[in-house]
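Dumped entry.txt below, it's compact mmCIF, C-alpha atoms:
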```
# COMPACT_ATOMS: atom_id res chain seq x y z
CA MET A 1 0.00 0.00 0.00
CA ALA A 2 1.46 3.34 -1.07
CA VAL A 3 1.09 6.04 1.56
CA ASN A 4 0.42 9.70 0.81
CA LEU A 5 2.89 11.94 2.64
CA THR A 6 1.57 15.18 1.11
CA THR A 7 0.98 18.02 3.56
CA ASN A 8 -0.15 21.63 3.41
CA TYR A 9 2.01 24.15 5.26
CA LEU A 10 1.47 27.91 4.83
CA GLY A 11 -0.61 27.14 1.77
CA LEU A 12 2.38 25.38 0.19
CA ILE A 13 1.60 21.82 -0.91
CA LEU A 14 4.63 19.80 0.16
CA SER A 15 5.48 16.25 -0.97
CA ASN A 16 6.32 15.24 2.61
CA PRO A 17 6.59 16.92 6.03
CA LEU A 18 10.40 16.81 6.49
CA ILE A 19 11.78 20.32 5.97
CA PRO A 20 15.45 21.21 6.50
CA GLY A 21 15.20 24.14 8.93
CA ALA A 22 17.07 27.43 9.10
CA SER A 23 20.77 26.59 9.41
CA PRO A 24 24.06 26.54 7.47
CA LEU A 25 22.71 23.59 5.44
CA CYS A 26 21.60 25.80 2.56
CA ASP A 27 24.60 28.12 2.54
CA ASP A 28 26.06 25.98 -0.24
CA LEU A 29 24.16 25.53 -3.51
CA ASP A 30 25.39 21.97 -3.98
CA THR A 31 24.07 21.00 -0.54
CA ALA A 32 20.75 22.72 -1.26
CA LYS A 33 20.41 20.71 -4.48
CA ARG A 34 21.44 17.53 -2.68
CA LEU A 35 18.74 18.11 -0.06
CA GLU A 36 16.21 18.44 -2.86
CA ASP A 37 17.51 15.23 -4.45
CA VAL A 38 17.04 13.24 -1.23
CA GLY A 39 13.47 14.43 -0.84
CA ALA A 40 13.39 17.81 0.91
CA PRO A 41 9.94 19.30 0.13
CA ALA A 42 11.12 22.86 0.89
CA LEU A 43 14.19 24.66 2.22
CA VAL A 44 14.53 27.27 4.96
CA LEU A 45 17.53 29.58 4.59
CA ARG A 46 19.55 30.72 7.60
CA SER A 47 18.38 33.89 9.31
CA LEU A 48 19.26 37.43 8.38
CA PHE A 49 19.41 39.48 11.58
CA GLU A 50 17.86 42.84 12.35
CA GLU A 51 21.27 44.07 13.53
CA GLN A 52 22.80 43.31 10.12
CA VAL A 53 20.14 45.26 8.26
CA THR A 54 20.25 48.15 10.73
CA ARG A 55 24.01 48.32 10.48
CA GLU A 56 23.84 48.31 6.69
CA GLN A 57 21.20 51.04 6.68
CA SER A 58 23.05 53.29 9.10
CA ARG A 59 26.57 52.49 7.90
CA THR A 60 27.82 52.46 11.47
CA VAL A 61 28.65 49.62 13.83
CA ASN A 62 27.20 51.50 16.80
CA ASP A 63 23.58 51.75 15.71
CA PHE A 64 22.01 49.30 18.14
CA GLU A 65 19.64 51.67 19.89
CA SER A 66 16.85 49.11 20.27
CA HIS A 67 19.23 46.85 22.19
CA ALA A 68 21.55 49.22 23.96
CA ASP A 69 19.44 51.58 26.01
CA SER A 70 21.61 51.29 29.10
CA PHE A 71 25.21 50.88 28.06
CA ALA A 72 27.06 52.54 25.22
CA GLU A 73 29.38 49.54 24.93
CA ALA A 74 26.44 47.21 24.26
CA GLY A 75 27.20 47.43 20.54
CA SER A 76 30.33 45.38 21.20
CA PHE A 77 28.15 42.47 22.34
CA PHE A 78 27.15 41.81 18.74
CA PRO A 79 29.27 39.97 16.15
CA ALA A 80 31.36 41.99 13.73
CA PRO A 81 30.11 42.12 10.12
CA SER A 82 32.86 39.70 9.07
CA GLU A 83 31.47 37.06 11.42
CA PHE A 84 28.20 36.77 9.50
CA THR A 85 28.12 34.36 6.58
CA LEU A 86 25.86 36.59 4.50
CA GLY A 87 25.23 40.32 4.66
CA PRO A 88 21.91 41.87 3.60
CA HIS A 89 22.76 42.28 -0.10
CA ALA A 90 24.53 38.92 -0.26
CA TYR A 91 21.50 37.31 1.39
CA LEU A 92 19.19 38.51 -1.39
CA GLU A 93 21.61 37.31 -4.05
CA HIS A 94 21.98 33.93 -2.36
CA LEU A 95 18.19 33.62 -2.16
CA ARG A 96 17.94 34.24 -5.90
CA LYS A 97 20.62 31.62 -6.59
CA VAL A 98 18.96 28.98 -4.42
CA LYS A 99 15.60 29.68 -6.07
CA ALA A 100 17.20 29.20 -9.49
CA ALA A 101 18.96 26.00 -8.40
CA VAL A 102 15.98 24.08 -6.96
CA ALA A 103 12.37 23.47 -7.93
CA ILE A 104 10.98 23.28 -4.37
CA PRO A 105 9.76 26.22 -2.26
CA VAL A 106 12.44 28.34 -0.60
CA ILE A 107 11.56 29.99 2.71
CA ALA A 108 13.63 32.98 3.83
CA SER A 109 14.22 33.84 7.49
CA LEU A 110 14.40 37.19 9.27
CA ASN A 111 15.45 37.40 12.93
CA GLY A 112 14.65 40.50 14.96
CA THR A 113 12.64 42.08 17.75
CA SER A 114 11.68 45.68 16.93
CA ALA A 115 9.07 47.09 14.56
CA SER A 116 11.21 49.65 12.76
CA GLY A 117 12.55 50.49 9.32
CA TRP A 118 14.62 47.33 8.97
CA LEU A 119 11.42 45.37 8.37
CA ASP A 120 11.14 46.99 4.95
CA TYR A 121 13.67 44.33 4.03
CA ALA A 122 10.86 41.77 4.08
CA LYS A 123 9.56 43.30 0.85
CA GLN A 124 12.98 42.91 -0.79
CA ILE A 125 13.04 39.26 0.27
CA GLN A 126 9.66 38.77 -1.38
CA GLN A 127 10.89 40.51 -4.54
CA ALA A 128 13.97 38.25 -4.58
CA GLY A 129 11.68 35.25 -4.99
CA ALA A 130 11.07 33.76 -1.53
CA ASP A 131 8.01 31.50 -1.45
CA ALA A 132 7.40 32.33 2.22
CA LEU A 133 9.05 34.14 5.11
CA GLU A 134 9.84 32.77 8.56
CA LEU A 135 10.04 35.56 11.13
CA ASN A 136 12.16 34.55 14.11
CA VAL A 137 11.43 36.75 17.13
CA TYR A 138 14.19 35.57 19.45
CA PHE A 139 14.03 37.76 22.53
CA VAL A 140 14.77 37.26 26.22
CA ALA A 141 12.90 39.72 28.46
CA THR A 142 15.50 41.11 30.88
CA ASN A 143 14.02 44.51 31.72
CA PRO A 144 12.20 44.27 35.09
CA GLN A 145 10.13 47.32 34.13
CA GLU A 146 8.72 45.67 30.99
CA SER A 147 5.51 43.69 31.45
CA ALA A 148 4.54 40.46 29.74
CA TRP A 149 1.87 42.42 27.89
CA ALA A 150 4.49 44.83 26.52
CA VAL A 151 6.68 41.96 25.34
CA GLU A 152 3.76 40.42 23.47
CA GLN A 153 2.74 43.76 21.97
CA ARG A 154 6.24 44.24 20.58
CA VAL A 155 6.09 40.88 18.82
CA LEU A 156 2.59 41.57 17.51
CA SER A 157 3.76 44.91 16.18
CA VAL A 158 6.66 43.26 14.34
CA VAL A 159 4.38 40.65 12.77
CA ASP A 160 1.77 43.25 11.83
CA THR A 161 4.42 45.44 10.19
CA VAL A 162 5.83 42.55 8.15
CA ARG A 163 2.37 41.38 7.12
CA ARG A 164 1.68 44.83 5.68
CA GLU A 165 4.91 44.65 3.68
CA ILE A 166 4.49 41.25 2.03
CA LYS A 167 1.88 39.03 0.42
CA ILE A 168 3.75 35.73 0.60
CA PRO A 169 2.94 33.35 3.49
CA LEU A 170 4.33 34.37 6.89
CA ALA A 171 5.35 32.01 9.70
CA VAL A 172 6.45 33.16 13.16
CA LYS A 173 9.11 31.24 15.08
CA LEU A 174 8.50 31.61 18.81
CA SER A 175 10.02 30.72 22.12
CA PRO A 176 7.84 28.78 24.58
CA PHE A 177 8.12 31.46 27.27
CA TYR A 178 4.82 33.31 27.01
CA SER A 179 2.40 33.35 29.91
CA SER A 180 -0.61 32.35 27.79
CA LEU A 181 0.76 30.92 24.57
CA SER A 182 -2.56 29.65 23.24
CA HIS A 183 -4.13 33.13 23.51
CA PHE A 184 -1.00 34.73 22.06
CA ALA A 185 -1.17 32.35 19.08
CA GLY A 186 -4.67 33.64 18.36
CA GLN A 187 -3.44 37.22 18.48
CA LEU A 188 -0.62 36.39 16.04
CA GLU A 189 -3.14 34.83 13.68
CA HIS A 190 -5.30 37.96 13.97
CA VAL A 191 -2.45 40.26 12.85
CA GLY A 192 -1.63 38.09 9.86
CA ALA A 193 0.57 35.13 10.77
CA ASP A 194 -0.13 32.05 8.66
CA GLY A 195 1.86 29.59 10.76
CA LEU A 196 3.93 29.02 13.89
CA VAL A 197 7.29 27.31 14.25
CA LEU A 198 7.65 25.76 17.71
CA PHE A 199 10.17 26.50 19.13
CA ASN A 200 13.24 28.66 19.04
CA ARG A 201 16.13 26.99 20.86
CA PHE A 202 17.74 29.08 23.60
CA TYR A 203 21.52 28.71 23.48
CA GLN A 204 22.18 29.34 27.15
CA PRO A 205 25.74 30.56 27.77
CA ASP A 206 28.12 29.18 30.34
CA ILE A 207 30.42 31.24 32.60
CA ASP A 208 34.21 31.19 32.50
CA ILE A 209 34.92 31.44 36.25
CA GLU A 210 38.64 32.20 35.70
CA GLU A 211 38.32 34.94 33.08
CA LEU A 212 34.95 36.16 34.41
CA GLU A 213 33.46 36.12 30.94
CA ILE A 214 30.34 34.78 29.32
CA ASN A 215 31.09 31.71 27.23
CA PRO A 216 28.51 31.15 24.45
CA GLN A 217 28.15 27.48 23.52
CA LEU A 218 26.46 25.71 20.65
CA HIS A 219 24.95 22.33 21.47
CA LEU A 220 23.02 20.42 18.86
CA SER A 221 19.61 19.18 19.94
CA ASP A 222 18.56 15.65 20.87
CA SER A 223 15.19 13.91 21.01
CA SER A 224 14.59 14.92 24.62
CA GLU A 225 13.96 18.50 23.46
CA LEU A 226 10.98 17.37 21.41
CA LEU A 227 8.77 16.85 24.48
CA LEU A 228 8.14 20.57 25.00
CA ARG A 229 7.17 20.88 21.33
CA LEU A 230 4.76 17.94 21.55
CA HIS A 231 3.15 19.49 24.61
CA TRP A 232 2.29 22.77 22.89
CA LEU A 233 1.48 21.26 19.51
CA ALA A 234 -1.18 19.15 21.22
CA ILE A 235 -2.57 22.24 22.98
CA LEU A 236 -2.60 24.57 19.95
CA SER A 237 -3.65 22.08 17.28
CA GLY A 238 -7.31 22.31 16.41
CA HIS A 239 -7.88 25.72 18.00
CA HIS A 240 -6.39 27.90 15.25
CA LYS A 241 -6.10 27.85 11.47
CA LEU A 242 -2.36 28.41 11.79
CA GLY A 243 -0.01 25.92 10.20
CA LEU A 244 2.16 24.32 12.88
CA VAL A 245 5.74 23.08 12.63
CA ALA A 246 7.86 21.29 15.21
CA SER A 247 11.43 22.59 15.29
CA GLY A 248 14.00 21.19 17.72
CA GLY A 249 14.48 17.58 18.80
CA VAL A 250 13.40 15.77 15.62
CA HIS A 251 15.96 12.98 15.15
CA THR A 252 14.13 9.69 14.59
CA THR A 253 11.12 8.30 12.78
CA ALA A 254 9.34 8.07 16.13
CA ASP A 255 10.02 11.78 16.71
CA VAL A 256 8.41 12.63 13.38
CA VAL A 257 5.35 10.48 14.09
CA LYS A 258 4.89 11.98 17.56
CA ALA A 259 5.09 15.54 16.21
CA LEU A 260 2.54 14.82 13.48
CA MET A 261 0.15 13.09 15.87
CA SER A 262 0.42 16.05 18.25
CA GLY A 263 -0.70 18.41 15.50
CA ALA A 264 2.30 19.46 13.41
CA ASN A 265 1.70 19.91 9.69
CA ALA A 266 5.42 19.49 9.16
CA VAL A 267 8.68 19.18 11.08
CA GLN A 268 11.97 20.99 10.67
CA VAL A 269 15.15 18.95 10.87
CA VAL A 270 18.54 20.57 11.48
CA SER A 271 20.75 18.94 14.12
CA ALA A 272 20.13 15.42 12.79
CA LEU A 273 21.23 16.53 9.31
CA LEU A 274 24.27 18.40 10.62
CA LYS A 275 25.30 15.24 12.48
CA ARG A 276 24.49 12.66 9.81
CA GLY A 277 24.48 14.54 6.52
CA PRO A 278 21.73 15.46 4.03
CA SER A 279 21.06 11.83 3.07
CA TYR A 280 19.59 11.21 6.54
CA LEU A 281 16.51 13.10 5.37
CA ALA A 282 15.74 10.20 3.02
CA THR A 283 16.22 7.77 5.92
CA LEU A 284 13.61 9.65 7.94
CA ARG A 285 11.20 9.77 5.02
CA HIS A 286 11.52 6.03 4.31
CA GLY A 287 11.12 5.34 8.03
CA LEU A 288 7.91 7.39 8.13
CA GLU A 289 6.52 5.60 5.08
CA HIS A 290 7.32 2.19 6.58
CA TRP A 291 5.78 3.10 9.96
CA MET A 292 2.58 4.32 8.32
CA GLU A 293 2.30 1.19 6.18
CA GLU A 294 2.80 -1.05 9.22
CA HIS A 295 0.13 0.80 11.19
CA GLY A 296 -2.44 1.09 8.42
CA TYR A 297 -2.23 4.82 7.69
CA GLU A 298 -2.91 5.67 4.05
CA SER A 299 -2.49 9.44 4.34
CA LEU A 300 -0.53 11.85 6.49
CA GLN A 301 -3.77 13.70 7.16
CA ASP A 302 -5.08 10.63 8.99
CA MET A 303 -2.29 11.17 11.54
CA VAL A 304 -2.00 14.92 11.94
CA GLY A 305 -3.52 16.01 15.24
CA CYS A 306 -4.92 12.61 16.20
CA MET A 307 -3.32 12.97 19.65
CA ASN A 308 -4.07 16.65 20.27
CA LEU A 309 -6.17 17.93 23.16
CA THR A 310 -9.28 18.95 21.22
CA ARG A 311 -10.82 15.62 22.20
CA CYS A 312 -10.31 16.36 25.88
CA PRO A 313 -13.26 18.11 27.61
CA ASP A 314 -10.96 19.90 30.10
CA PRO A 315 -7.35 20.18 28.88
CA ALA A 316 -6.29 22.25 31.91
CA ALA A 317 -7.51 19.52 34.28
CA LEU A 318 -5.73 16.88 32.19
CA GLU A 319 -2.46 18.84 32.37
CA ARG A 320 -2.84 19.29 36.13
CA GLY A 321 -3.67 15.63 36.62
CA ASN A 322 -0.69 14.46 34.60
CA TYR A 323 1.55 16.79 36.58
CA MET A 324 0.41 15.32 39.90
CA ARG A 325 0.62 11.76 38.59
CA VAL A 326 4.22 12.22 37.45
CA LEU A 327 5.27 13.63 40.82
CA GLN A 328 3.80 10.56 42.55
CA SER A 329 5.46 8.09 40.16
CA TRP A 330 8.98 8.07 41.60
CA LYS A 331 9.93 4.84 43.39
CA SER A 332 13.17 4.54 45.31
```

Written as structure tokens, that's how I'd like the structure from this file.
Amino acid sequence: MAVNLTTNYLGLILSNPLIPGASPLCDDLDTAKRLEDVGAPALVLRSLFEEQVTREQSRTVNDFESHADSFAEAGSFFPAPSEFTLGPHAYLEHLRKVKAAVAIPVIASLNGTSASGWLDYAKQIQQAGADALELNVYFVATNPQESAWAVEQRVLSVVDTVRREIKIPLAVKLSPFYSSLSHFAGQLEHVGADGLVLFNRFYQPDIDIEELEINPQLHLSDSSELLLRLHWLAILSGHHKLGLVASGGVHTTADVVKALMSGANAVQVVSALLKRGPSYLATLRHGLEHWMEEHGYESLQDMVGCMNLTRCPDPAALERGNYMRVLQSWKS
């Protein structure tokens, strides 16, 4: 029995749900074409950062006003232009080259936190040929005077501004740290988001206790990180028209199946491909096909959301009950 892996994400009809996420994977045209050859249904380019666009617009390395309200030296916290793989103009050119090299949708990525002039760049990304835009709003609230409401309003303002600039589909990549994520998802949909990518990974820095310096560290994900994504996919799925994607912790066929059953329309794979190479995408796809055949699923749509919480009369009580049950489960 042939299974149908087709899925709809952001209005894009994809041959399967396994999307290489934003990363260095598509920096090289040969790798981008190889990913297409092994079955990638779409590609997400690495992020272009607000700070890069702002720096390019102002022509000065010190223009970080939205980030450096307190300390003049805060500009030195950010990487130098030479540390970025692609600058704003190079990003647009690379997008055009990738679009010309592959026949699958290409999703661009913008990473920023303030609704200001840099967001005009979204229109240039659309003009360069992007099939969709993923807006990554990575932000850690550190100001004790800023309320949760203000943090959310900033994000909503960014999304609203971008939506007014472009007509291509728009996904928003979030962190899980919002006080009422389900309500916030509805607000994002209201201002024009077409999908959510769950979640941004927080690269928590270590401390060098000898040099008294912050030591940023990059750790690739593992399957244990998927649990938080499953939790919120199951909560959000069925309550909004937003397309949902799991990002972070997808490494095995079982991970893919769990994400789909929780409500994801697709999954993004990065760390597994960085570890094992582009061909691992085909391994995951074949594994998904085999699992579906073994369990009698003819279509991906038969799976998506089958384990979400829309079938539960009181999701909050279920969550509370599971919490108490887990705490009572430990046996010495």

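The residue that comes closest to Asn111 (chain A), out of A:Val269, A:Val159, A:Val98, A:Leu92 and on the basis of all atoms listed in the file, is A:Val159.
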
Practice item. Figure out the distance between CA of Trp118 (chain A) and CA of Val267 (chain A), please, to one decimal in Å. Key: 28.8 Å

**Study point:** Selection as a PyMOL selection string: residues within 7 Å of (0.8, 20.4, 10.4), counting all atoms listed in the file
**Key:** chain A and resi 9+243-245+260+263-266+304

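Of the residues listed (A:Gly186, A:Gly287, A:Gly305, A:Gly11), A:Gly305 shows the shortest atom-to-atom separation from Ala259 (chain A); distances use all atoms listed in the file.
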
Is it possible to get the axis-aligned box enclosing region 239-253 of chain A (all listed atoms, 5 Å extra per side) as lines of an AutoDock Vina configuration file, with centre and edge lengths in Å rounded to one decimal?
```
center_x = 4.0
center_y = 18.4
center_z = 14.5
size_x = 33.8
size_y = 30.1
size_z = 18.6
```

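In terms of minimum interatomic distance to Glu225 (chain A), A:Ser271 ranks closest within A:Ser329, A:Thr54, A:Ser271, A:Ser299, counting only C-alpha atoms.
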
Exercise for review: Figure out the distance between CA of Ser237 (chain A) and CA of Leu174 (chain A), please, to one decimal in Å.
Suggested key: 15.5 Å

Dump as a Markdown table the rows for residues of region 275-298 of chain A within 12 Å of region 25-39 of chain A: closest atom pair and distance in Å with one decimal, only C-alpha atoms counted, ordered by chain and rising residue number.
```
| residue | atom | partner | partner_atom | distance |
| --- | --- | --- | --- | --- |
| A:Lys275 | CA | A:Leu25 | CA | 11.2 |
| A:Arg276 | CA | A:Leu25 | CA | 11.9 |
| A:Gly277 | CA | A:Leu25 | CA | 9.3 |
| A:Pro278 | CA | A:Leu35 | CA | 5.7 |
| A:Ser279 | CA | A:Val38 | CA | 6.1 |
| A:Tyr280 | CA | A:Val38 | CA | 8.4 |
| A:Leu281 | CA | A:Val38 | CA | 6.6 |
| A:Ala282 | CA | A:Val38 | CA | 5.4 |
| A:Thr283 | CA | A:Val38 | CA | 9.0 |
| A:Leu284 | CA | A:Gly39 | CA | 10.0 |
| A:Arg285 | CA | A:Gly39 | CA | 7.8 |
| A:His286 | CA | A:Gly39 | CA | 10.0 |
```

Exercise for review: Name all residues at most 8 Å from Gly249 (chain A) (count only C-alpha atoms; drop same-chain ones fewer than 5 positions away) and give them as JSON, numbers by chain.
Suggested key: {"A": [221, 222, 223, 224, 225, 226, 255, 271]}

Revision key, fill the gap. Taken to one decimal, the CA of Arg311 (chain A)-CA of Leu14 (chain A) distance is 27.2 Å

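With distances restricted to all atoms listed in the file, A:Trp232 is the closest residue to Glu319 (chain A) from A:Trp232, A:Gly238, A:Asn200, A:Pro205.
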
Practice item. Find the residues near region 167-170 of chain A: any atom within 12 Å, counting only C-alpha atoms, skip ones fewer than 4 places away on the same chain, and give them as a PyMOL selection string. Key: chain A and resi 9-12+105-110+122-136+158-163+188-189+191-197+242-244

**Study point:** Near-His231 (chain A) list (10 Å; all atoms listed in the file; drop same-chain fewer than 2 positions) as an NGL selection string
**Key:** :A and (226-229 or 233-236 or 259 or 262-263 or 308-309 or 319)

Check your understanding: Contacts of Pro88 (chain A) at 8 Å or less, counting all atoms listed in the file, minus same-chain residues fewer than 4 places along, as an MDAnalysis selection string?
Key -> chainID A and resid 48 52:53 56 92

What would region 132-166 of chain A look like if you wrote it out as a compact mmCIF listing (two decimals), in the first residue's frame, with N, CA and C atoms included, from the block I just posted?
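Dumped to decode_29.txt:
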```txt
# COMPACT_ATOMS: atom_id res chain seq x y z
N ALA A 132 7.99 32.02 0.92
CA ALA A 132 7.40 32.33 2.22
C ALA A 132 8.50 32.95 3.07
N LEU A 133 8.09 33.52 4.20
CA LEU A 133 9.05 34.14 5.11
C LEU A 133 8.81 33.60 6.51
N GLU A 134 9.89 33.18 7.16
CA GLU A 134 9.84 32.77 8.56
C GLU A 134 10.43 33.89 9.40
N LEU A 135 9.62 34.45 10.29
CA LEU A 135 10.04 35.56 11.13
C LEU A 135 10.39 35.02 12.51
N ASN A 136 11.66 35.09 12.85
CA ASN A 136 12.16 34.55 14.11
C ASN A 136 12.28 35.68 15.11
N VAL A 137 11.45 35.66 16.16
CA VAL A 137 11.43 36.75 17.13
C VAL A 137 12.13 36.32 18.43
N TYR A 138 13.38 35.97 18.29
CA TYR A 138 14.19 35.57 19.45
C TYR A 138 14.41 36.77 20.37
N PHE A 139 13.90 36.65 21.57
CA PHE A 139 14.03 37.76 22.53
C PHE A 139 13.91 37.22 23.94
N VAL A 140 14.83 37.62 24.81
CA VAL A 140 14.77 37.26 26.22
C VAL A 140 14.44 38.53 27.00
N ALA A 141 13.32 38.53 27.71
CA ALA A 141 12.90 39.72 28.46
C ALA A 141 13.75 39.87 29.71
N THR A 142 14.61 40.89 29.74
CA THR A 142 15.50 41.11 30.88
C THR A 142 15.20 42.39 31.64
N ASN A 143 14.34 43.23 31.09
CA ASN A 143 14.02 44.51 31.72
C ASN A 143 12.92 44.31 32.77
N PRO A 144 13.22 44.50 34.06
CA PRO A 144 12.20 44.27 35.09
C PRO A 144 11.04 45.26 35.03
N GLN A 145 11.20 46.35 34.26
CA GLN A 145 10.13 47.32 34.13
C GLN A 145 9.19 47.01 32.96
N GLU A 146 9.53 46.00 32.17
CA GLU A 146 8.72 45.67 30.99
C GLU A 146 7.79 44.51 31.33
N SER A 147 6.51 44.71 31.11
CA SER A 147 5.51 43.69 31.45
C SER A 147 5.42 42.63 30.36
N ALA A 148 4.79 41.51 30.72
CA ALA A 148 4.54 40.46 29.74
C ALA A 148 3.68 40.98 28.59
N TRP A 149 2.71 41.83 28.92
CA TRP A 149 1.87 42.42 27.89
C TRP A 149 2.70 43.23 26.89
N ALA A 150 3.65 44.01 27.40
CA ALA A 150 4.49 44.83 26.52
C ALA A 150 5.35 43.98 25.61
N VAL A 151 5.87 42.88 26.15
CA VAL A 151 6.68 41.96 25.34
C VAL A 151 5.84 41.40 24.19
N GLU A 152 4.63 40.98 24.50
CA GLU A 152 3.76 40.42 23.47
C GLU A 152 3.39 41.48 22.43
N GLN A 153 3.12 42.70 22.90
CA GLN A 153 2.74 43.76 21.97
C GLN A 153 3.87 44.08 21.00
N ARG A 154 5.10 43.99 21.47
CA ARG A 154 6.24 44.24 20.58
C ARG A 154 6.26 43.20 19.46
N VAL A 155 6.09 41.96 19.82
CA VAL A 155 6.09 40.88 18.82
C VAL A 155 4.93 41.06 17.85
N LEU A 156 3.75 41.36 18.37
CA LEU A 156 2.59 41.57 17.51
C LEU A 156 2.81 42.73 16.54
N SER A 157 3.46 43.76 17.03
CA SER A 157 3.76 44.91 16.18
C SER A 157 4.71 44.53 15.04
N VAL A 158 5.72 43.72 15.36
CA VAL A 158 6.66 43.26 14.34
C VAL A 158 5.92 42.45 13.28
N VAL A 159 5.11 41.50 13.71
CA VAL A 159 4.38 40.65 12.77
C VAL A 159 3.42 41.46 11.93
N ASP A 160 2.71 42.40 12.55
CA ASP A 160 1.77 43.25 11.83
C ASP A 160 2.49 44.09 10.77
N THR A 161 3.65 44.62 11.13
CA THR A 161 4.42 45.44 10.19
C THR A 161 4.87 44.61 8.99
N VAL A 162 5.38 43.41 9.24
CA VAL A 162 5.83 42.55 8.15
C VAL A 162 4.66 42.13 7.27
N ARG A 163 3.54 41.81 7.91
CA ARG A 163 2.37 41.38 7.12
C ARG A 163 1.94 42.46 6.16
N ARG A 164 2.07 43.72 6.55
CA ARG A 164 1.68 44.83 5.68
C ARG A 164 2.66 45.02 4.53
N GLU A 165 3.88 44.49 4.70
CA GLU A 165 4.91 44.65 3.68
C GLU A 165 4.86 43.57 2.60
N ILE A 166 4.39 42.38 2.95
CA ILE A 166 4.49 41.25 2.03
C ILE A 166 3.15 40.56 1.83
```
